[in-house]
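**Student:** For reference, the file start-v2.cif (mmCIF, C-alpha atoms) is included below:
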data_entry
#
loop_
_atom_site.label_atom_id
_atom_site.label_comp_id
_atom_site.auth_asym_id
_atom_site.auth_seq_id
_atom_site.Cartn_x
_atom_site.Cartn_y
_atom_site.Cartn_z
CA MET A 158 117.28 125.84 57.66
CA ALA A 159 113.61 124.86 57.84
CA ASN A 160 113.21 125.49 54.10
CA ALA A 161 115.96 123.11 53.12
CA LEU A 162 114.18 120.08 54.56
CA PRO A 163 110.91 118.67 53.22
CA SER A 164 108.00 120.60 54.72
CA LEU A 165 106.63 117.51 56.38
CA PHE A 166 109.68 116.95 58.53
CA TRP A 167 109.38 119.69 61.14
CA PRO A 168 105.69 119.22 61.96
CA LEU A 169 106.29 115.50 62.35
CA PHE A 170 109.40 116.18 64.39
CA TRP A 171 107.55 118.35 66.88
CA ALA A 172 104.67 115.91 67.14
CA VAL A 173 106.99 113.02 67.91
CA ILE A 174 109.14 115.11 70.27
CA THR A 175 106.13 116.38 72.19
CA ILE A 176 104.72 112.90 72.68
CA GLY A 177 108.15 111.52 73.55
CA LEU A 178 108.90 114.26 76.10
CA TYR A 179 105.43 113.79 77.56
CA LEU A 180 106.01 110.07 78.14
CA LEU A 181 109.40 110.86 79.64
CA SER A 182 107.88 113.48 81.94
CA ARG A 183 105.23 111.06 83.11
CA ALA A 184 107.91 108.54 84.03
CA ILE A 185 109.85 111.19 85.95
CA HIS A 186 106.71 112.36 87.73
CA GLN A 187 105.88 108.84 88.79
CA ARG A 188 109.29 108.49 90.41
CA HIS A 189 109.45 111.94 92.02
CA SER A 190 106.13 113.65 92.72
CA ARG A 191 106.73 117.28 93.56
CA TRP A 192 104.47 120.13 92.52
CA TRP A 193 107.01 121.21 89.97
CA THR A 194 107.41 117.81 88.33
CA SER A 195 103.88 117.70 86.96
CA PRO A 196 104.09 116.09 83.48
CA LEU A 197 102.55 119.20 81.97
CA LEU A 198 105.11 121.55 83.48
CA LEU A 199 108.01 119.28 82.58
CA THR A 200 106.90 118.65 79.02
CA TRP A 201 106.25 122.34 78.51
CA SER A 202 109.62 123.47 79.82
CA GLN A 203 111.49 120.84 77.82
CA CYS A 204 109.64 121.78 74.64
CA CYS A 205 110.29 125.46 75.36
CA ALA A 206 113.99 124.84 75.79
CA LEU A 207 114.13 122.81 72.59
CA MET A 208 112.24 125.46 70.68
CA LEU A 209 114.64 128.14 71.85
CA ILE A 210 117.66 126.05 70.92
CA LEU A 211 116.29 125.25 67.47
CA HIS A 212 114.97 128.78 66.87
CA THR A 213 111.48 127.61 66.14
CA ASN A 214 108.52 129.90 66.57
CA TYR A 215 105.07 128.94 67.76
CA GLN A 216 103.58 128.82 64.25
CA ASP A 217 105.94 126.06 63.17
CA TYR A 218 105.35 124.16 66.37
CA ILE A 219 101.59 124.26 66.19
CA LEU A 220 101.59 122.97 62.59
CA GLY A 221 102.63 119.56 63.78
CA THR A 222 100.77 119.49 67.08
CA HIS A 223 97.40 121.18 66.66
CA TRP A 224 95.81 117.78 66.28
CA LEU A 225 96.78 117.11 69.89
CA LEU A 226 94.76 120.15 70.90
CA THR A 227 91.69 118.97 69.00
CA MET A 228 91.88 115.68 70.89
CA LEU A 229 90.58 117.63 73.89
CA GLY A 230 87.14 117.48 72.28
CA PRO A 231 86.86 113.69 72.34
CA ALA A 232 88.43 113.72 75.80
CA THR A 233 85.54 115.89 77.00
CA VAL A 234 83.12 113.40 75.49
CA ALA A 235 84.97 110.61 77.31
CA PHE A 236 84.11 112.34 80.55
CA ALA A 237 80.61 110.98 80.37
CA MET A 238 81.96 107.64 81.52
CA PRO A 239 83.32 108.55 84.98
CA ILE A 240 80.28 110.76 85.54
CA TYR A 241 78.00 107.85 84.64
CA GLU A 242 79.89 105.53 86.98
CA GLN A 243 79.51 107.95 89.88
CA ARG A 244 75.89 108.79 89.12
CA ARG A 245 74.47 107.54 92.39
CA LEU A 246 76.81 109.68 94.46
CA ILE A 247 76.19 112.65 92.24
CA ARG A 248 72.42 112.25 92.42
CA GLN A 249 72.69 112.30 96.17
CA TYR A 250 74.93 115.33 96.50
CA TRP A 251 74.24 117.48 93.46
CA TYR A 252 73.25 120.45 95.62
CA VAL A 253 76.67 120.38 97.30
CA LEU A 254 78.29 120.73 93.88
CA LEU A 255 76.02 123.63 92.97
CA ILE A 256 76.82 125.48 96.20
CA GLY A 257 80.51 124.79 95.76
CA VAL A 258 80.57 126.08 92.20
CA THR A 259 78.63 129.21 93.14
CA VAL A 260 80.94 130.03 96.04
CA GLY A 261 84.01 129.19 93.98
CA SER A 262 82.89 131.37 91.09
CA ILE A 263 82.20 134.31 93.39
CA ILE A 264 85.63 133.98 95.00
CA ALA A 265 87.23 133.67 91.57
CA PHE A 266 85.58 136.74 90.04
CA VAL A 267 85.86 138.98 93.08
CA SER A 268 89.45 138.12 93.99
CA THR A 269 90.66 138.32 90.39
CA TRP A 270 89.05 141.71 89.81
CA PHE A 271 90.21 143.07 93.17
CA LEU A 272 93.81 141.85 92.91
CA ALA A 273 94.11 143.07 89.32
CA TRP A 274 92.81 146.47 90.40
CA VAL A 275 95.14 146.67 93.41
CA LEU A 276 98.19 145.75 91.30
CA GLY A 277 97.27 148.41 88.77
CA LEU A 278 96.67 146.24 85.71
CA SER A 279 95.02 147.83 82.70
CA PRO A 280 91.22 147.53 82.34
CA ASP A 281 91.68 145.39 79.22
CA LEU A 282 93.92 142.99 81.08
CA ARG A 283 91.57 142.95 84.05
CA LEU A 284 88.62 142.02 81.87
CA SER A 285 90.63 139.34 80.11
CA LEU A 286 91.68 137.88 83.45
CA MET A 287 88.10 137.50 84.67
CA PRO A 288 87.17 134.24 82.92
CA ARG A 289 90.42 132.55 83.95
CA SER A 290 88.52 130.23 86.27
CA ILE A 291 86.39 128.81 83.47
CA THR A 292 87.51 126.23 80.96
CA THR A 293 88.69 127.62 77.63
CA PRO A 294 85.70 127.27 75.28
CA PHE A 295 83.38 128.90 77.83
CA ALA A 296 86.02 131.47 78.75
CA LEU A 297 86.33 132.64 75.15
CA GLU A 298 82.56 133.24 74.98
CA PHE A 299 82.71 135.05 78.31
CA ALA A 300 85.50 137.32 77.11
CA LYS A 301 83.58 138.18 73.96
CA GLU A 302 80.50 139.10 76.00
CA THR A 303 82.30 141.23 78.56
CA GLY A 304 84.70 142.95 76.19
CA GLY A 305 87.91 141.19 77.16
CA ILE A 306 90.54 140.10 74.64
CA PRO A 307 89.76 136.44 73.82
CA GLU A 308 93.34 135.39 73.12
CA LEU A 309 94.60 136.95 76.31
CA ALA A 310 91.77 135.34 78.24
CA ALA A 311 92.74 131.95 76.82
CA THR A 312 96.32 132.53 77.95
CA CYS A 313 95.14 133.37 81.47
CA VAL A 314 93.02 130.23 81.50
CA VAL A 315 96.06 128.13 80.63
CA ILE A 316 98.23 129.77 83.29
CA THR A 317 95.47 129.24 85.85
CA GLY A 318 95.16 125.61 84.88
CA MET A 319 98.88 124.96 85.09
CA LEU A 320 99.33 126.72 88.44
CA GLY A 321 96.17 125.27 89.92
CA ALA A 322 97.03 121.71 88.94
CA SER A 323 100.52 122.15 90.36
CA PHE A 324 99.43 123.77 93.64
CA GLY A 325 96.45 121.49 94.15
CA GLY A 326 98.47 118.52 95.28
CA THR A 327 100.24 120.55 97.94
CA LEU A 328 96.99 122.13 99.11
CA LEU A 329 95.47 118.70 99.56
CA ARG A 330 98.14 117.93 102.13
CA TRP A 331 97.51 121.09 104.12
CA LEU A 332 93.72 121.25 104.09
CA PRO A 333 91.65 119.13 106.49
CA LEU A 334 89.36 117.67 103.83
CA ARG A 335 87.33 114.63 104.74
CA SER A 336 85.49 113.96 101.52
CA ALA A 337 86.54 112.95 98.02
CA PHE A 338 83.94 115.43 96.78
CA SER A 339 85.80 118.41 98.22
CA ARG A 340 89.09 117.22 96.76
CA GLY A 341 87.53 116.89 93.34
CA ALA A 342 85.83 120.28 93.59
CA LEU A 343 89.13 121.87 94.57
CA PHE A 344 90.74 120.72 91.35
CA GLY A 345 87.76 121.24 89.10
CA MET A 346 86.99 124.77 90.25
CA GLY A 347 90.59 125.91 90.65
CA ALA A 348 92.21 124.45 87.58
CA HIS A 349 89.34 123.24 85.37
CA ALA A 350 90.51 120.80 82.73
CA PHE A 351 94.12 120.68 83.93
CA GLY A 352 92.90 120.15 87.47
CA THR A 353 90.52 117.43 86.36
CA ALA A 354 93.37 115.51 84.76
CA LYS A 355 95.24 115.73 88.05
CA ALA A 356 92.16 114.86 90.11
CA ARG A 357 91.74 111.62 88.20
CA GLN A 358 95.13 110.54 89.50
CA VAL A 359 94.04 111.24 93.07
CA GLY A 360 90.94 109.09 92.81
CA THR A 361 88.00 108.06 90.64
CA ILE A 362 85.40 110.05 92.58
CA GLU A 363 87.69 113.09 92.68
CA GLY A 364 88.11 112.86 88.92
CA SER A 365 84.39 112.71 88.17
CA VAL A 366 83.54 115.49 90.62
CA ALA A 367 86.30 117.68 89.18
CA GLY A 368 84.98 117.23 85.67
CA LEU A 369 81.44 118.06 86.74
CA THR A 370 82.58 121.08 88.74
CA MET A 371 84.49 122.34 85.74
CA ILE A 372 81.45 122.09 83.46
CA LEU A 373 79.11 123.61 86.04
CA ALA A 374 81.55 126.48 86.54
CA GLY A 375 81.54 127.03 82.81
CA ILE A 376 77.76 127.12 82.66
CA VAL A 377 77.53 129.45 85.66
CA GLY A 378 80.07 131.72 84.03
CA MET A 379 78.09 131.84 80.81
CA LEU A 380 74.91 132.72 82.67
CA VAL A 381 76.60 135.44 84.71
CA ALA A 382 78.57 136.99 81.83
CA PRO A 383 75.81 139.30 80.52
CA PHE A 384 75.23 140.72 84.02
CA LEU A 385 78.93 141.16 84.68
CA ALA A 386 79.33 142.81 81.29
CA TRP A 387 76.79 145.42 82.26
CA PHE A 388 78.16 145.77 85.77
CA LEU A 389 81.84 146.08 84.87
CA ARG A 390 81.42 148.79 82.21
CA MET B 433 79.93 87.28 63.36
CA ILE B 434 78.39 90.22 65.14
CA ARG B 435 79.24 88.55 68.44
CA ILE B 436 82.91 88.41 67.52
CA GLY B 437 82.80 91.96 66.21
CA SER B 438 81.32 93.33 69.42
CA LEU B 439 83.76 91.34 71.53
CA PHE B 440 86.62 92.74 69.52
CA PHE B 441 85.26 96.25 69.91
CA GLN B 442 84.97 95.88 73.66
CA ARG B 443 88.59 94.83 73.95
CA SER B 444 90.13 97.33 71.55
CA ARG B 445 91.07 100.65 73.07
CA TRP B 446 91.76 102.26 69.72
CA LEU B 447 88.40 101.36 68.21
CA GLN B 448 86.72 102.85 71.28
CA VAL B 449 88.83 105.99 71.01
CA GLY B 450 87.76 106.18 67.39
CA ALA B 451 84.12 105.88 68.40
CA LEU B 452 84.53 108.70 70.93
CA ILE B 453 86.16 110.86 68.28
CA ALA B 454 83.21 110.09 66.00
CA ILE B 455 80.71 111.16 68.67
CA TRP B 456 82.67 114.36 69.21
CA TRP B 457 82.79 115.06 65.50
CA CYS B 458 79.04 114.65 65.14
CA SER B 459 78.50 116.98 68.11
CA GLU B 460 80.75 119.59 66.55
CA ILE B 461 78.73 119.44 63.34
CA MET B 462 75.52 119.80 65.33
CA VAL B 463 76.86 122.81 67.21
CA HIS B 464 77.97 124.36 63.95
CA ILE B 465 74.63 123.85 62.22
CA LEU B 466 72.48 124.86 65.18
CA LYS B 467 74.84 127.68 66.22
CA LEU B 468 74.77 126.63 69.87
CA PRO B 469 76.85 128.61 72.38
CA ILE B 470 77.95 125.36 74.03
CA PRO B 471 81.19 123.69 72.91
CA GLY B 472 80.89 120.48 70.89
CA GLY B 473 82.75 118.46 73.49
CA VAL B 474 80.15 119.21 76.15
CA ILE B 475 77.28 118.33 73.80
CA GLY B 476 79.04 115.08 72.95
CA MET B 477 79.50 114.35 76.63
CA GLY B 478 75.79 114.92 77.23
CA LEU B 479 75.02 112.64 74.30
CA LEU B 480 77.23 109.85 75.58
CA LEU B 481 75.83 110.26 79.08
CA ALA B 482 72.30 109.98 77.72
CA LEU B 483 73.25 106.85 75.78
CA LEU B 484 74.79 105.28 78.88
CA LEU B 485 71.92 106.25 81.19
CA SER B 486 69.28 104.96 78.82
CA GLY B 487 71.07 101.65 78.55
CA VAL B 488 71.66 101.83 74.81
CA LEU B 489 75.39 101.63 75.44
CA ARG B 490 77.13 99.73 78.17
CA THR B 491 80.26 100.99 79.87
CA THR B 492 82.32 98.08 78.59
CA TRP B 493 81.87 99.53 75.13
CA VAL B 494 83.63 102.77 75.96
CA ARG B 495 85.56 102.26 79.17
CA ARG B 496 88.96 101.39 77.72
CA GLY B 497 88.91 104.12 75.10
CA ALA B 498 87.61 106.71 77.55
CA ASN B 499 90.26 105.86 80.12
CA ARG B 500 92.97 106.13 77.52
CA LEU B 501 91.83 109.61 76.49
CA LEU B 502 91.32 110.84 80.03
CA ASP B 503 94.62 109.50 81.37
CA HIS B 504 96.60 111.34 78.73
CA MET B 505 94.79 114.67 78.80
CA ALA B 506 97.95 116.46 79.94
CA LEU B 507 99.53 115.66 76.58
CA PHE B 508 96.67 117.32 74.73
CA PHE B 509 97.23 120.50 76.72
CA VAL B 510 100.87 120.95 75.79
CA PRO B 511 100.28 122.87 72.53
CA ALA B 512 97.94 125.26 74.36
CA VAL B 513 100.58 125.90 76.99
CA MET B 514 103.18 126.48 74.30
CA ALA B 515 100.99 129.35 73.08
CA LEU B 516 102.21 131.25 76.11
CA LEU B 517 105.46 131.76 74.23
CA ASN B 518 103.59 133.91 71.75
CA HIS B 519 102.95 136.55 74.34
CA SER B 520 106.40 137.95 74.99
CA GLU B 521 104.85 140.88 76.79
CA LEU B 522 104.07 138.52 79.62
CA LEU B 523 107.79 138.14 80.26
CA SER B 524 107.91 141.46 82.07
CA ILE B 525 106.71 143.16 85.22
CA ILE B 526 103.16 142.96 83.92
CA GLY B 527 103.61 139.25 83.42
CA LEU B 528 104.77 138.87 87.00
CA LYS B 529 101.76 140.82 88.25
CA VAL B 530 99.43 138.62 86.18
CA LEU B 531 101.13 135.57 87.62
CA LEU B 532 100.67 136.92 91.14
CA VAL B 533 96.99 137.67 90.60
CA ILE B 534 96.37 134.23 89.19
CA ALA B 535 98.41 132.44 91.84
CA VAL B 536 96.80 134.13 94.84
CA SER B 537 93.31 134.07 93.38
CA THR B 538 93.55 130.42 92.36
CA VAL B 539 94.68 129.36 95.81
CA ALA B 540 91.79 131.34 97.32
CA VAL B 541 89.32 129.68 94.95
CA MET B 542 90.62 126.20 95.64
CA VAL B 543 90.72 126.60 99.42
CA GLY B 544 87.32 128.30 99.57
CA THR B 545 85.58 125.82 97.29
CA ALA B 546 87.09 122.77 98.97
CA LEU B 547 86.17 123.89 102.48
CA VAL B 548 82.62 124.85 101.52
CA VAL B 549 82.02 121.59 99.66
CA ASP B 550 83.50 119.58 102.51
CA PHE B 551 81.28 121.40 105.00
CA CYS B 552 78.12 120.98 102.93
CA PHE B 553 78.88 117.36 102.23
CA HIS B 554 78.97 116.50 105.89
CA TRP B 555 76.27 118.93 106.91
CA GLY B 556 73.99 117.04 104.55
CA ASP B 557 74.87 113.82 106.32
CA GLY B 558 74.19 115.34 109.73
CA CYS B 559 70.81 116.80 108.74
CA SER B 560 69.36 113.73 107.10
CA ASP B 561 69.66 110.26 108.50
CA GLN B 562 70.83 108.91 105.15
CA LYS B 563 74.12 107.10 105.16
CA PRO B 564 76.34 107.99 102.21
CA ASP B 565 76.59 105.48 99.42
CA ALA B 566 78.73 102.42 99.89
CA GLU B 567 80.81 103.67 96.96
CA ASP B 568 82.15 106.56 98.99
CA PRO B 569 85.30 105.38 100.77
CA THR B 570 85.86 108.50 102.80
CA THR B 571 83.52 107.89 105.72
#
Please render this file's structure as structure tokens.

**Tutor:**
Amino acid sequence: MANALPSLFWPLFWAVITIGLYLLSRAIHQRHSRWWTSPLLLTWSQCCALMLILHTNYQDYILGTHWLLTMLGPATVAFAMPIYEQRRLIRQYWYVLLIGVTVGSIIAFVSTWFLAWVLGLSPDLRLSLMPRSITTPFALEFAKETGGIPELAATCVVITGMLGASFGGTLLRWLPLRSAFSRGALFGMGAHAFGTAKARQVGTIEGSVAGLTMILAGIVGMLVAPFLAWFLR
Amino acid sequence: MIRIGSLFFQRSRWLQVGALIAIWWCSEIMVHILKLPIPGGVIGMGLLLALLLSGVLRTTWVRRGANRLLDHMALFFVPAVMALLNHSELLSIIGLKVLLVIAVSTVAVMVGTALVVDFCFHWGDGCSDQKPDAEDPTT
């Protein structure tokens, strides 16, 4: 069926559909905010359903939408702006961020490794799960250094991001947090880029802190990777 | 003429988005040539931050475009999430285990980090007599 239509149709179709479903999901999320109505989750599930119905595989889908993925690069650049606007606060409390990222990274690595071991996952899978707490570009480097499978690691990063961003809102309601900093760090450390997108909706300070936490976590991960590689072998 | 041009630039979100894309593109080229282990986006962010801090650029020049990009980041993630479909082996017991590991671990990370940061944030206030910035609305 795909061959009968001009080859430009399907990529364009998926691009338009993705953007359209995204806008729809945002509208739904604004009306009903539950953890499972996050725009990302909704858009993803709707696209999934559509793909199954139309018998499309991932290769066809990505042809029309990979430009959306590359837009993450400029979005990272755009992060300089909220960071710049919060610079005074950050200059005052930079050590808090550093401590938070260190503790968060330790919890992430130790708990991931331990749980994966307890549940009997294969060593390959365990290694690929390790960098799940770091944002994708850093995580891929980490996986290469420690001997994990990069593609699997990227998948784990995405799952982490999705779950973290979804759970984060609920956690905020249960935890007795008094500072915007801690809310931002929660999202940035737990769900990196996905969490940062969510944190921006919570507040401007939360958004900037989340972005910084995410980048710091990435850098910490990169520095620790060689040691972990040696230690985990 | 330049006045009008700069005014137009400050008000146009799309031109600003274009400028951000340009910065990112240059950073990617730099990373590629210099073989840096840091992703192009982070380099670009550092570059933009430096430009803003040094006063070469003012926030009005990039605010609208930056906000546009940042507000819609979830959309940019969708293709990455769709990649999950490629791994049909995850739709099995192993997949459930992976999900469990990630879910529990992520909650632990988020709770631990948030509590530690919250503690340190206020411990810092208690130790020094500095009052937090007026920008911080939480105290």

**Student:** Counting only C-alpha atoms, which residues of chain B come no farther than 6 Å from chain A, as a short mmCIF file (atom, residue, chain, number, x, y, z; two decimals) with C-alpha atoms, in the frame of the given file?

**Tutor:**
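Dumped everything to selection-v5.cif:
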data_model
loop_
_atom_site.label_atom_id
_atom_site.label_comp_id
_atom_site.auth_asym_id
_atom_site.auth_seq_id
_atom_site.Cartn_x
_atom_site.Cartn_y
_atom_site.Cartn_z
CA LEU B 452 84.53 108.70 70.93
CA ILE B 453 86.16 110.86 68.28
CA TRP B 456 82.67 114.36 69.21
CA GLY B 473 82.75 118.46 73.49
CA GLY B 476 79.04 115.08 72.95
CA MET B 477 79.50 114.35 76.63
CA LEU B 480 77.23 109.85 75.58
CA LEU B 481 75.83 110.26 79.08
CA ALA B 498 87.61 106.71 77.55
CA LEU B 501 91.83 109.61 76.49
CA LEU B 502 91.32 110.84 80.03
CA ALA B 506 97.95 116.46 79.94
CA PHE B 508 96.67 117.32 74.73
CA VAL B 533 96.99 137.67 90.60
CA SER B 537 93.31 134.07 93.38
CA THR B 538 93.55 130.42 92.36
CA VAL B 541 89.32 129.68 94.95
CA MET B 542 90.62 126.20 95.64
CA THR B 545 85.58 125.82 97.29
CA ALA B 546 87.09 122.77 98.97
CA VAL B 549 82.02 121.59 99.66
CA ASP B 550 83.50 119.58 102.51
CA CYS B 552 78.12 120.98 102.93
CA THR B 570 85.86 108.50 102.80
#

**Student:** Measure the distance from atom CA of Pro307 of chain A to atom CA of Met514 of chain B in Å and round it to one decimal.

**Tutor:** 16.7 Å

**Student:** Please measure the separation of atom CA of Arg188 of chain A and atom CA of Arg500 of chain B, giving the value in Å to one decimal.

**Tutor:**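 For atom CA of Arg188 of chain A relative to atom CA of Arg500 of chain B, the distance reads 20.9 Å.
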
**Student:** To one decimal place in Å, what is the distance between atom CA of Ser182 of chain A and atom CA of Val543 of chain B?

**Tutor:** 27.8 Å

**Student:** The PyMOL selection byres ((chain B and resi 438-447) around 8) - which residues does that actually catch in the file I just gave you? List them as a compact mmCIF listing (two decimals) with C-alpha atoms, keeping the file's coordinate frame.

**Tutor:**
# COMPACT_ATOMS: atom_id res chain seq x y z
CA ILE B 434 78.39 90.22 65.14
CA ARG B 435 79.24 88.55 68.44
CA ILE B 436 82.91 88.41 67.52
CA GLY B 437 82.80 91.96 66.21
CA GLN B 448 86.72 102.85 71.28
CA VAL B 449 88.83 105.99 71.01
CA GLY B 450 87.76 106.18 67.39
CA ALA B 451 84.12 105.88 68.40
CA THR B 492 82.32 98.08 78.59
CA TRP B 493 81.87 99.53 75.13
CA VAL B 494 83.63 102.77 75.96
CA ARG B 496 88.96 101.39 77.72
CA GLY B 497 88.91 104.12 75.10
CA ARG B 500 92.97 106.13 77.52

**Student:** Around the point (78.3, 118.2, 67.7) in the file's coordinates, collect all residues with an atom within 9 Å, using all atoms listed in the file, and return them as a list in words.

**Tutor:** Ile455, Trp456, Trp457, Cys458, Ser459, Glu460, Ile461, Met462, Val463, His464, Ile465, Pro471, Gly472, Gly473, Val474, Ile475 and Gly476 of chain B

**Student:** Give me the box for segment 493-505 of chain B as JSON, namely the centre and edge lengths in Å to one decimal of a box along x, y and z that holds every listed atom plus 5 Å on each side.

**Tutor:**
{"center_x": 89.2, "center_y": 107.1, "center_z": 78.2, "size_x": 24.7, "size_y": 25.1, "size_z": 16.3}
